file input02.pdb (PDB, C-alpha atoms)
ATOM      1  CA  MET A   5      11.566 -18.155  -4.425  1.00  0.00           C
ATOM      2  CA  ARG A   6       8.128 -17.314  -5.658  1.00  0.00           C
ATOM      3  CA  ASP A   7       6.743 -14.642  -7.938  1.00  0.00           C
ATOM      4  CA  THR A   8       3.782 -12.766  -6.551  1.00  0.00           C
ATOM      5  CA  ALA A   9       3.530 -10.823  -9.770  1.00  0.00           C
ATOM      6  CA  VAL A  10       5.110 -11.433 -13.103  1.00  0.00           C
ATOM      7  CA  HIS A  11       6.756  -8.049 -13.057  1.00  0.00           C
ATOM      8  CA  SER A  12       8.731  -8.616  -9.913  1.00  0.00           C
ATOM      9  CA  ILE A  13      10.968 -11.108  -8.166  1.00  0.00           C
ATOM     10  CA  VAL A  14      10.194 -11.926  -4.569  1.00  0.00           C
ATOM     11  CA  VAL A  15      12.433 -13.920  -2.262  1.00  0.00           C
ATOM     12  CA  GLU A  16      11.288 -14.616   1.288  1.00  0.00           C
ATOM     13  CA  ARG A  17      13.224 -16.310   4.046  1.00  0.00           C
ATOM     14  CA  LEU A  18      12.657 -16.849   7.709  1.00  0.00           C
ATOM     15  CA  MET A  19      15.925 -16.087   9.504  1.00  0.00           C
ATOM     16  CA  PRO A  20      16.601 -16.930  13.175  1.00  0.00           C
ATOM     17  CA  HIS A  21      17.862 -13.431  13.990  1.00  0.00           C
ATOM     18  CA  THR A  22      16.329 -10.175  15.211  1.00  0.00           C
ATOM     19  CA  PRO A  23      15.169  -7.521  12.723  1.00  0.00           C
ATOM     20  CA  GLU A  24      17.714  -5.110  14.279  1.00  0.00           C
ATOM     21  CA  LYS A  25      20.610  -7.423  13.529  1.00  0.00           C
ATOM     22  CA  ILE A  26      19.457  -8.128   9.984  1.00  0.00           C
ATOM     23  CA  TRP A  27      18.898  -4.394   9.499  1.00  0.00           C
ATOM     24  CA  ARG A  28      22.573  -3.794  10.346  1.00  0.00           C
ATOM     25  CA  ALA A  29      23.628  -6.342   7.730  1.00  0.00           C
ATOM     26  CA  LEU A  30      21.376  -4.660   5.155  1.00  0.00           C
ATOM     27  CA  THR A  31      22.442  -1.087   5.872  1.00  0.00           C
ATOM     28  CA  THR A  32      26.112  -1.104   6.935  1.00  0.00           C
ATOM     29  CA  SER A  33      28.379  -0.608   3.954  1.00  0.00           C
ATOM     30  CA  GLN A  34      31.148  -2.980   5.091  1.00  0.00           C
ATOM     31  CA  LEU A  35      28.611  -5.679   5.969  1.00  0.00           C
ATOM     32  CA  ILE A  36      26.734  -5.266   2.679  1.00  0.00           C
ATOM     33  CA  ALA A  37      30.045  -5.779   0.901  1.00  0.00           C
ATOM     34  CA  GLU A  38      30.405  -9.155   2.608  1.00  0.00           C
ATOM     35  CA  TRP A  39      27.189 -10.654   1.301  1.00  0.00           C
ATOM     36  CA  LEU A  40      26.091  -8.542  -1.670  1.00  0.00           C
ATOM     37  CA  MET A  41      28.624  -6.316  -3.430  1.00  0.00           C
ATOM     38  CA  GLU A  42      31.206  -3.599  -2.903  1.00  0.00           C
ATOM     39  CA  ASN A  43      29.316  -0.349  -2.349  1.00  0.00           C
ATOM     40  CA  ASP A  44      29.235   3.155  -0.874  1.00  0.00           C
ATOM     41  CA  PHE A  45      25.793   2.768   0.653  1.00  0.00           C
ATOM     42  CA  GLU A  46      24.556   5.066   3.408  1.00  0.00           C
ATOM     43  CA  ALA A  47      21.174   4.626   5.088  1.00  0.00           C
ATOM     44  CA  VAL A  48      19.997   8.109   4.127  1.00  0.00           C
ATOM     45  CA  GLU A  49      17.022   8.718   1.867  1.00  0.00           C
ATOM     46  CA  GLY A  50      18.132  10.357  -1.357  1.00  0.00           C
ATOM     47  CA  HIS A  51      21.729   9.111  -1.017  1.00  0.00           C
ATOM     48  CA  ARG A  52      23.219   8.097  -4.371  1.00  0.00           C
ATOM     49  CA  PHE A  53      25.505   5.105  -4.321  1.00  0.00           C
ATOM     50  CA  THR A  54      26.877   2.331  -6.500  1.00  0.00           C
ATOM     51  CA  PHE A  55      27.214  -1.405  -6.271  1.00  0.00           C
ATOM     52  CA  ARG A  56      30.379  -2.653  -7.935  1.00  0.00           C
ATOM     53  CA  ALA A  57      30.800  -6.156  -9.283  1.00  0.00           C
ATOM     54  CA  LYS A  58      33.373  -7.740 -11.560  1.00  0.00           C
ATOM     55  CA  PRO A  59      32.949  -6.244 -15.060  1.00  0.00           C
ATOM     56  CA  VAL A  60      31.661  -8.568 -17.760  1.00  0.00           C
ATOM     57  CA  PRO A  61      31.473  -7.927 -21.522  1.00  0.00           C
ATOM     58  CA  GLY A  62      28.711  -5.393 -22.152  1.00  0.00           C
ATOM     59  CA  TRP A  63      28.485  -4.316 -18.521  1.00  0.00           C
ATOM     60  CA  SER A  64      30.910  -2.262 -16.451  1.00  0.00           C
ATOM     61  CA  GLY A  65      29.897  -4.080 -13.294  1.00  0.00           C
ATOM     62  CA  VAL A  66      28.551  -0.834 -11.830  1.00  0.00           C
ATOM     63  CA  THR A  67      24.936  -0.497 -10.715  1.00  0.00           C
ATOM     64  CA  ASN A  68      23.818   3.069  -9.943  1.00  0.00           C
ATOM     65  CA  CYS A  69      21.369   3.321  -7.071  1.00  0.00           C
ATOM     66  CA  VAL A  70      19.485   5.844  -4.956  1.00  0.00           C
ATOM     67  CA  VAL A  71      18.207   5.186  -1.446  1.00  0.00           C
ATOM     68  CA  LEU A  72      14.430   5.624  -1.536  1.00  0.00           C
ATOM     69  CA  LYS A  73      13.117   4.640   1.886  1.00  0.00           C
ATOM     70  CA  VAL A  74      14.764   4.012   5.251  1.00  0.00           C
ATOM     71  CA  GLU A  75      12.463   2.960   8.086  1.00  0.00           C
ATOM     72  CA  PRO A  76      14.580   1.078  10.636  1.00  0.00           C
ATOM     73  CA  PRO A  77      14.376  -1.778  11.268  1.00  0.00           C
ATOM     74  CA  HIS A  78      11.538  -2.748   8.939  1.00  0.00           C
ATOM     75  CA  LEU A  79      11.679  -1.186   5.510  1.00  0.00           C
ATOM     76  CA  LEU A  80      14.509  -0.345   3.148  1.00  0.00           C
ATOM     77  CA  SER A  81      14.253   0.372  -0.546  1.00  0.00           C
ATOM     78  CA  TYR A  82      16.610   1.606  -3.215  1.00  0.00           C
ATOM     79  CA  SER A  83      16.482   2.009  -6.941  1.00  0.00           C
ATOM     80  CA  TRP A  84      18.652  -0.543  -8.709  1.00  0.00           C
ATOM     81  CA  GLY A  85      20.060   0.762 -11.979  1.00  0.00           C
ATOM     82  CA  ASP A  86      19.410   4.217 -13.438  1.00  0.00           C
ATOM     83  CA  GLY A  87      19.302   3.256 -17.089  1.00  0.00           C
ATOM     84  CA  SER A  88      22.821   4.480 -17.849  1.00  0.00           C
ATOM     85  CA  GLU A  89      24.530   1.126 -17.313  1.00  0.00           C
ATOM     86  CA  SER A  90      23.866   0.060 -20.889  1.00  0.00           C
ATOM     87  CA  ASP A  91      22.254   1.399 -24.057  1.00  0.00           C
ATOM     88  CA  SER A  92      18.732   0.821 -22.898  1.00  0.00           C
ATOM     89  CA  GLY A  93      19.433   0.120 -19.271  1.00  0.00           C
ATOM     90  CA  LEU A  94      16.944  -1.261 -16.861  1.00  0.00           C
ATOM     91  CA  LYS A  95      15.556   0.607 -13.868  1.00  0.00           C
ATOM     92  CA  THR A  96      14.258  -1.470 -11.026  1.00  0.00           C
ATOM     93  CA  VAL A  97      13.491  -1.008  -7.335  1.00  0.00           C
ATOM     94  CA  VAL A  98      14.692  -3.319  -4.579  1.00  0.00           C
ATOM     95  CA  THR A  99      12.595  -3.318  -1.411  1.00  0.00           C
ATOM     96  CA  TRP A 100      13.494  -5.111   1.801  1.00  0.00           C
ATOM     97  CA  THR A 101      10.817  -5.763   4.386  1.00  0.00           C
ATOM     98  CA  LEU A 102      11.646  -7.218   7.797  1.00  0.00           C
ATOM     99  CA  THR A 103       8.849  -8.637   9.934  1.00  0.00           C
ATOM    100  CA  ALA A 104       9.517  -9.950  13.438  1.00  0.00           C
ATOM    101  CA  THR A 105       8.135 -13.439  14.121  1.00  0.00           C
ATOM    102  CA  ASP A 106       8.345 -15.870  17.041  1.00  0.00           C
ATOM    103  CA  ALA A 107      11.139 -17.722  15.293  1.00  0.00           C
ATOM    104  CA  GLY A 108      13.090 -14.649  14.224  1.00  0.00           C
ATOM    105  CA  THR A 109      12.485 -12.431  11.236  1.00  0.00           C
ATOM    106  CA  LEU A 110      10.723 -12.899   7.953  1.00  0.00           C
ATOM    107  CA  VAL A 111      12.974 -11.286   5.365  1.00  0.00           C
ATOM    108  CA  ARG A 112      11.280 -10.316   2.136  1.00  0.00           C
ATOM    109  CA  MET A 113      13.179  -8.991  -0.859  1.00  0.00           C
ATOM    110  CA  GLU A 114      11.247  -7.710  -3.817  1.00  0.00           C
ATOM    111  CA  GLN A 115      12.852  -6.472  -7.001  1.00  0.00           C
ATOM    112  CA  SER A 116      10.244  -4.876  -9.179  1.00  0.00           C
ATOM    113  CA  GLY A 117      11.059  -4.047 -12.715  1.00  0.00           C
ATOM    114  CA  PHE A 118       9.880  -2.113 -15.660  1.00  0.00           C
ATOM    115  CA  ARG A 119       9.893   1.281 -14.088  1.00  0.00           C
ATOM    116  CA  ALA A 120       8.877   3.565 -16.907  1.00  0.00           C
ATOM    117  CA  GLU A 121       9.918   7.195 -17.165  1.00  0.00           C
ATOM    118  CA  ASP A 122       7.056   8.278 -14.985  1.00  0.00           C
ATOM    119  CA  ASP A 123       4.832   6.852 -12.320  1.00  0.00           C
ATOM    120  CA  ALA A 124       1.798   6.690 -14.581  1.00  0.00           C
ATOM    121  CA  GLY A 125       3.715   4.465 -16.959  1.00  0.00           C
ATOM    122  CA  TYR A 126       4.912   2.337 -14.092  1.00  0.00           C
ATOM    123  CA  ARG A 127       1.419   1.839 -12.750  1.00  0.00           C
ATOM    124  CA  GLY A 128       0.252   1.051 -16.244  1.00  0.00           C
ATOM    125  CA  MET A 129       2.865  -1.604 -16.656  1.00  0.00           C
ATOM    126  CA  GLY A 130       2.205  -3.009 -13.228  1.00  0.00           C
ATOM    127  CA  ALA A 131      -1.430  -3.507 -14.082  1.00  0.00           C
ATOM    128  CA  GLY A 132      -0.939  -4.489 -17.683  1.00  0.00           C
ATOM    129  CA  TRP A 133       1.963  -6.802 -17.428  1.00  0.00           C
ATOM    130  CA  PRO A 134       0.393  -9.921 -15.899  1.00  0.00           C
ATOM    131  CA  ARG A 135      -2.442  -9.640 -18.416  1.00  0.00           C
ATOM    132  CA  ILE A 136      -0.006  -9.410 -21.300  1.00  0.00           C
ATOM    133  CA  LEU A 137       1.863 -12.479 -20.159  1.00  0.00           C
ATOM    134  CA  GLU A 138      -1.337 -14.428 -19.669  1.00  0.00           C
ATOM    135  CA  ARG A 139      -2.351 -13.679 -23.233  1.00  0.00           C
ATOM    136  CA  LEU A 140       1.029 -14.624 -24.570  1.00  0.00           C
ATOM    137  CA  GLU A 141       1.102 -17.848 -22.652  1.00  0.00           C
ATOM    138  CA  SER A 142      -2.230 -18.825 -24.126  1.00  0.00           C
ATOM    139  CA  ILE A 143      -1.026 -17.861 -27.592  1.00  0.00           C
ATOM    140  CA  ALA A 144       2.130 -19.908 -27.091  1.00  0.00           C
ATOM    141  CA  ALA A 145       0.045 -22.831 -25.846  1.00  0.00           C
ATOM    142  CA  ARG A 146      -2.126 -22.682 -28.940  1.00  0.00           C
ATOM    143  CA  GLN A 147       0.934 -22.649 -31.164  1.00  0.00           C
ATOM    144  CA  HIS A 148       2.415 -25.666 -29.469  1.00  0.00           C
ATOM    145  CA  SER A 149      -0.788 -27.683 -29.559  1.00  0.00           C
TER     146      SER A 149
ATOM    147  CA  MET B  17      22.280  -8.944 -16.710  1.00  0.00           C
ATOM    148  CA  PRO B  18      21.041 -10.504 -19.945  1.00  0.00           C
ATOM    149  CA  ALA B  19      21.604  -7.702 -22.457  1.00  0.00           C
ATOM    150  CA  ALA B  20      18.613  -8.575 -24.635  1.00  0.00           C
ATOM    151  CA  ALA B  21      16.238  -7.998 -21.724  1.00  0.00           C
ATOM    152  CA  ASN B  22      17.056  -4.295 -21.842  1.00  0.00           C
ATOM    153  CA  LYS B  23      15.704  -4.023 -25.359  1.00  0.00           C
ATOM    154  CA  VAL B  24      12.477  -5.718 -24.393  1.00  0.00           C
ATOM    155  CA  PHE B  25      12.010  -3.532 -21.327  1.00  0.00           C
ATOM    156  CA  ALA B  26      12.908  -0.359 -23.189  1.00  0.00           C
ATOM    157  CA  ALA B  27      10.471  -1.216 -25.964  1.00  0.00           C
ATOM    158  CA  LEU B  28       7.691  -1.798 -23.437  1.00  0.00           C
ATOM    159  CA  ALA B  29       8.490   1.193 -21.231  1.00  0.00           C
ATOM    160  CA  ASP B  30       6.605   3.530 -23.578  1.00  0.00           C
ATOM    161  CA  PRO B  31       2.869   3.531 -22.730  1.00  0.00           C
ATOM    162  CA  THR B  32       1.749   3.831 -26.360  1.00  0.00           C
ATOM    163  CA  ARG B  33       3.968   0.967 -27.490  1.00  0.00           C
ATOM    164  CA  ARG B  34       2.812  -1.089 -24.570  1.00  0.00           C
ATOM    165  CA  ALA B  35      -0.805  -0.452 -25.535  1.00  0.00           C
ATOM    166  CA  ILE B  36      -0.091  -1.468 -29.120  1.00  0.00           C
ATOM    167  CA  PHE B  37       1.664  -4.603 -27.969  1.00  0.00           C
ATOM    168  CA  GLU B  38      -1.164  -5.437 -25.615  1.00  0.00           C
ATOM    169  CA  ARG B  39      -3.736  -5.021 -28.376  1.00  0.00           C
ATOM    170  CA  LEU B  40      -1.791  -7.418 -30.570  1.00  0.00           C
ATOM    171  CA  ALA B  41      -1.539  -9.891 -27.721  1.00  0.00           C
ATOM    172  CA  ARG B  42      -5.280  -9.665 -27.218  1.00  0.00           C
ATOM    173  CA  ASN B  43      -6.426  -9.682 -30.825  1.00  0.00           C
ATOM    174  CA  GLY B  44      -3.872 -11.761 -32.686  1.00  0.00           C
ATOM    175  CA  GLU B  45      -2.927 -10.329 -36.059  1.00  0.00           C
ATOM    176  CA  LEU B  46      -3.790  -6.706 -36.914  1.00  0.00           C
ATOM    177  CA  THR B  47      -2.913  -4.311 -39.710  1.00  0.00           C
ATOM    178  CA  VAL B  48      -1.215  -0.988 -39.100  1.00  0.00           C
ATOM    179  CA  ARG B  49      -4.464   0.689 -40.048  1.00  0.00           C
ATOM    180  CA  ALA B  50      -6.517  -1.293 -37.533  1.00  0.00           C
ATOM    181  CA  LEU B  51      -3.957  -0.509 -34.843  1.00  0.00           C
ATOM    182  CA  THR B  52      -3.991   3.197 -35.734  1.00  0.00           C
ATOM    183  CA  ASP B  53      -7.769   3.437 -35.356  1.00  0.00           C
ATOM    184  CA  LYS B  54      -7.597   3.096 -31.591  1.00  0.00           C
ATOM    185  CA  ALA B  55      -4.044   4.144 -30.820  1.00  0.00           C
ATOM    186  CA  GLY B  56      -4.774   7.867 -30.564  1.00  0.00           C
ATOM    187  CA  VAL B  57      -1.672   8.672 -32.619  1.00  0.00           C
ATOM    188  CA  SER B  58      -0.954   8.976 -36.334  1.00  0.00           C
ATOM    189  CA  GLN B  59      -0.288   6.039 -38.612  1.00  0.00           C
ATOM    190  CA  PRO B  60       3.399   7.000 -39.093  1.00  0.00           C
ATOM    191  CA  ALA B  61       3.734   7.117 -35.309  1.00  0.00           C
ATOM    192  CA  VAL B  62       2.158   3.675 -34.979  1.00  0.00           C
ATOM    193  CA  SER B  63       4.483   2.364 -37.697  1.00  0.00           C
ATOM    194  CA  LYS B  64       7.453   3.774 -35.812  1.00  0.00           C
ATOM    195  CA  HIS B  65       6.349   2.119 -32.582  1.00  0.00           C
ATOM    196  CA  LEU B  66       5.868  -1.164 -34.422  1.00  0.00           C
ATOM    197  CA  GLY B  67       9.394  -0.799 -35.792  1.00  0.00           C
ATOM    198  CA  VAL B  68      10.769  -0.526 -32.261  1.00  0.00           C
ATOM    199  CA  LEU B  69       8.736  -3.544 -31.124  1.00  0.00           C
ATOM    200  CA  LYS B  70      10.012  -5.487 -34.125  1.00  0.00           C
ATOM    201  CA  LEU B  71      13.640  -4.580 -33.385  1.00  0.00           C
ATOM    202  CA  ALA B  72      13.124  -5.784 -29.824  1.00  0.00           C
ATOM    203  CA  GLY B  73      11.870  -9.090 -31.238  1.00  0.00           C
ATOM    204  CA  LEU B  74       8.417  -8.622 -29.757  1.00  0.00           C
ATOM    205  CA  VAL B  75       6.358  -8.544 -32.938  1.00  0.00           C
ATOM    206  CA  HIS B  76       6.418 -10.201 -36.304  1.00  0.00           C
ATOM    207  CA  ASP B  77       5.264  -8.583 -39.554  1.00  0.00           C
ATOM    208  CA  ARG B  78       3.722 -10.150 -42.637  1.00  0.00           C
ATOM    209  CA  HIS B  79       3.213  -8.296 -45.884  1.00  0.00           C
ATOM    210  CA  GLN B  80       0.104  -9.011 -47.904  1.00  0.00           C
ATOM    211  CA  GLY B  81      -0.664  -6.785 -50.842  1.00  0.00           C
ATOM    212  CA  ARG B  82      -0.344  -3.225 -49.664  1.00  0.00           C
ATOM    213  CA  GLN B  83      -1.082  -4.099 -46.052  1.00  0.00           C
ATOM    214  CA  THR B  84       1.333  -5.097 -43.343  1.00  0.00           C
ATOM    215  CA  HIS B  85      -0.066  -7.393 -40.691  1.00  0.00           C
ATOM    216  CA  TYR B  86       1.508  -7.503 -37.250  1.00  0.00           C
ATOM    217  CA  SER B  87       1.348 -10.185 -34.573  1.00  0.00           C
ATOM    218  CA  VAL B  88       3.195 -10.856 -31.316  1.00  0.00           C
ATOM    219  CA  ARG B  89       6.194 -13.135 -31.109  1.00  0.00           C
ATOM    220  CA  PRO B  90       5.724 -15.073 -27.865  1.00  0.00           C
ATOM    221  CA  LYS B  91       9.421 -15.986 -27.943  1.00  0.00           C
ATOM    222  CA  GLY B  92      10.211 -12.274 -27.839  1.00  0.00           C
ATOM    223  CA  LEU B  93       9.488 -12.311 -24.139  1.00  0.00           C
ATOM    224  CA  ALA B  94      12.141 -14.953 -23.468  1.00  0.00           C
ATOM    225  CA  PRO B  95      14.737 -12.295 -22.488  1.00  0.00           C
ATOM    226  CA  LEU B  96      12.320 -11.132 -19.836  1.00  0.00           C
ATOM    227  CA  ALA B  97      12.022 -14.656 -18.493  1.00  0.00           C
ATOM    228  CA  ASP B  98      15.830 -14.881 -18.594  1.00  0.00           C
ATOM    229  CA  TRP B  99      16.049 -11.666 -16.587  1.00  0.00           C
ATOM    230  CA  LEU B 100      13.640 -13.018 -13.990  1.00  0.00           C
ATOM    231  CA  HIS B 101      15.590 -16.257 -13.719  1.00  0.00           C
ATOM    232  CA  PHE B 102      18.923 -14.426 -13.574  1.00  0.00           C
ATOM    233  CA  TYR B 103      17.903 -12.200 -10.676  1.00  0.00           C
ATOM    234  CA  ALA B 104      15.936 -14.897  -8.879  1.00  0.00           C
ATOM    235  CA  ALA B 105      19.101 -17.030  -8.798  1.00  0.00           C
ATOM    236  CA  PHE B 106      21.218 -13.977  -7.955  1.00  0.00           C
ATOM    237  CA  TRP B 107      19.148 -13.098  -4.883  1.00  0.00           C
ATOM    238  CA  GLU B 108      18.924 -16.685  -3.647  1.00  0.00           C
ATOM    239  CA  ASP B 109      22.715 -16.862  -3.806  1.00  0.00           C
ATOM    240  CA  ARG B 110      23.160 -13.468  -2.083  1.00  0.00           C
ATOM    241  CA  LEU B 111      20.731 -14.380   0.696  1.00  0.00           C
ATOM    242  CA  ASP B 112      22.768 -17.540   1.330  1.00  0.00           C
ATOM    243  CA  HIS B 113      25.744 -15.242   1.893  1.00  0.00           C
ATOM    244  CA  LEU B 114      23.665 -12.938   4.088  1.00  0.00           C
ATOM    245  CA  GLU B 115      22.699 -15.873   6.307  1.00  0.00           C
ATOM    246  CA  ASP B 116      26.341 -16.944   6.568  1.00  0.00           C
ATOM    247  CA  LEU B 117      27.256 -13.406   7.611  1.00  0.00           C
ATOM    248  CA  LEU B 118      24.477 -13.237  10.204  1.00  0.00           C
ATOM    249  CA  LYS B 119      25.801 -16.431  11.814  1.00  0.00           C
ATOM    250  CA  ARG B 120      29.198 -14.763  12.180  1.00  0.00           C
ATOM    251  CA  MET B 121      27.846 -11.450  13.521  1.00  0.00           C
ATOM    252  CA  ASP B 122      27.383 -10.593  17.195  1.00  0.00           C
ATOM    253  CA  GLN B 123      23.888  -9.850  18.381  1.00  0.00           C
TER     254      GLN B 123
END
call {"tool": "encode", "arguments": {"input": "input02.pdb", "output": "structure tokens"}}
result
Amino acid sequence: MRDTAVHSIVVERLMPHTPEKIWRALTTSQLIAEWLMENDFEAVEGHRFTFRAKPVPGWSGVTNCVVLKVEPPHLLSYSWGDGSESDSGLKTVVTWTLTATDAGTLVRMEQSGFRAEDDAGYRGMGAGWPRILERLESIAARQHS
Amino acid sequence: MPAAANKVFAALADPTRRAIFERLARNGELTVRALTDKAGVSQPAVSKHLGVLKLAGLVHDRHQGRQTHYSVRPKGLAPLADWLHFYAAFWEDRLDHLEDLLKRMDQ
């Protein structure tokens, strides 16, 4: 795992399988259920679906999602959470990118957070966030020293 | 999902609040009046935004005379770090399962 930006989580793995096979695992509802969560996913842009996990206190276990992009077998993205899951719920976007390599496929998962109500806000946060954290880290460092 | 992270994200989702927070992060301690000068909104609006940031644990206030001074609470961002760690671990675990599944699947 590595973070390319502070406002997102990126996980990359090289898998010894073809992009087509991995694409099936990422986009077939029954297969998704085997490795991720129960769902009613369909690989259709605009399709609304849910991931269902075991409920925990404060969370129903449901994540509301919308399919954003489907470009087989290379790019898949869906929104993750619509803000209704809790009082001030979080909206994020999960993007899968599959790149064929000699050894198989480089699988990249990025979950980017802090989607504001509009795109302008999102861009603003994307640009502003790393700066904010840098400042805070230096402030924290000063306080500790 | 760590519940407290939602408050932090919600507080920072508003562009004006984010700008106020960023100014505090950049400048250290500022009064409501100093923040209002460049915020482009009224002082009551700035005070309201500061109230939301305070509830989210992102800023700290200090009263001195008739002025209230605000500064960032670096620890306020801990829920965000928790969120990052939570989902980083979540995806690593899920991808382990994905790889197990791929081994079982036909070409």
call {"tool": "interface_residues", "arguments": {"input": "input02.pdb", "of": "chain B", "to": "chain A", "cutoff": "7 Å", "atoms": "only C-alpha atoms", "output": "list in words"}}
result
Asn22, Lys23, Phe25, Ala26, Ala29, Pro31, Glu38, Ala41, Arg42, Pro90, Leu100, Ala104, Arg110, His113, Leu114, Leu117 and Gln123 of chain B
call {"tool": "closest_residue", "arguments": {"input": "input02.pdb", "among": "B:Val68, B:Arg39, B:Glu45, B:Gly56", "to": "Ala27 (chain B)", "atoms": "all atoms listed in the file"}}
result
B:Val68
call {"tool": "closest_residue", "arguments": {"input": "input02.pdb", "among": "A:Ala104, A:Ala57, A:Ala47, A:Val97", "to": "Val74 (chain A)", "atoms": "all atoms listed in the file"}}
result
A:Ala47
call {"tool": "closest_residue", "arguments": {"input": "input02.pdb", "among": "A:Val71, A:Ala107, A:Ala37, A:Val98", "to": "Arg52 (chain A)", "atoms": "all atoms listed in the file"}}
result
A:Val71
call {"tool": "atom_distance", "arguments": {"input": "input02.pdb", "atom1": "CA of Val66 (chain A)", "atom2": "CA of Ser116 (chain A)"}}
result
18.9 Å
call {"tool": "resolve_selection", "arguments": {"input": "input02.pdb", "expression": "the PyMOL selection byres ((chain B and resi 78) around 12)", "output": "list in words"}}
result
Glu45, Leu46, Thr47, Val48, Lys70, Val75, His76, Asp77, His79, Gln80, Gly81, Arg82, Gln83, Thr84, His85, Tyr86, Ser87 and Val88 of chain B
call {"tool": "atom_distance", "arguments": {"input": "input02.pdb", "atom1": "CA of Leu79 (chain A)", "atom2": "CA of Phe53 (chain A)"}}
result
18.1 Å
call {"tool": "atom_distance", "arguments": {"input": "input02.pdb", "atom1": "CA of Asp30 (chain B)", "atom2": "CA of Leu69 (chain B)"}}
result
10.6 Å
call {"tool": "closest_residue", "arguments": {"input": "input02.pdb", "among": "B:Arg49, B:His65, B:Arg89, B:His101", "to": "Ala35 (chain B)", "atoms": "only C-alpha atoms"}}
result
B:His65
call {"tool": "closest_residue", "arguments": {"input": "input02.pdb", "among": "A:Thr105, A:Thr54, A:Asn43, A:Thr31", "to": "Pro77 (chain A)", "atoms": "only C-alpha atoms"}}
result
A:Thr31
call {"tool": "build_atoms", "arguments": {"input": "input02.pdb", "residues": "region 70-81 of chain A", "atoms": "N, CA and C atoms", "output": "compact mmCIF listing (two decimals), keeping the file's coordinate frame"}}
result
# COMPACT_ATOMS: atom_id res chain seq x y z
N VAL A 70 19.87 4.75 -5.84
CA VAL A 70 19.48 5.84 -4.96
C VAL A 70 18.66 5.25 -3.81
N VAL A 71 18.98 5.65 -2.59
CA VAL A 71 18.21 5.19 -1.45
C VAL A 71 16.84 5.87 -1.47
N LEU A 72 15.78 5.07 -1.44
CA LEU A 72 14.43 5.62 -1.54
C LEU A 72 13.75 5.72 -0.18
N LYS A 73 13.81 4.64 0.59
CA LYS A 73 13.12 4.64 1.89
C LYS A 73 13.97 3.96 2.95
N VAL A 74 14.04 4.59 4.12
CA VAL A 74 14.76 4.01 5.25
C VAL A 74 13.86 4.11 6.47
N GLU A 75 13.31 2.99 6.89
CA GLU A 75 12.46 2.96 8.09
C GLU A 75 12.95 1.84 8.98
N PRO A 76 13.99 2.13 9.81
CA PRO A 76 14.58 1.08 10.64
C PRO A 76 13.59 0.55 11.67
N PRO A 77 13.62 -0.74 11.97
CA PRO A 77 14.38 -1.78 11.27
C PRO A 77 13.45 -2.62 10.38
N HIS A 78 12.57 -1.97 9.64
CA HIS A 78 11.54 -2.75 8.94
C HIS A 78 11.53 -2.60 7.43
N LEU A 79 11.84 -1.42 6.95
CA LEU A 79 11.68 -1.19 5.51
C LEU A 79 12.86 -0.43 4.92
N LEU A 80 13.40 -0.99 3.85
CA LEU A 80 14.51 -0.34 3.15
C LEU A 80 14.26 -0.52 1.66
N SER A 81 14.34 0.56 0.90
CA SER A 81 14.25 0.37 -0.55
C SER A 81 15.22 1.30 -1.26
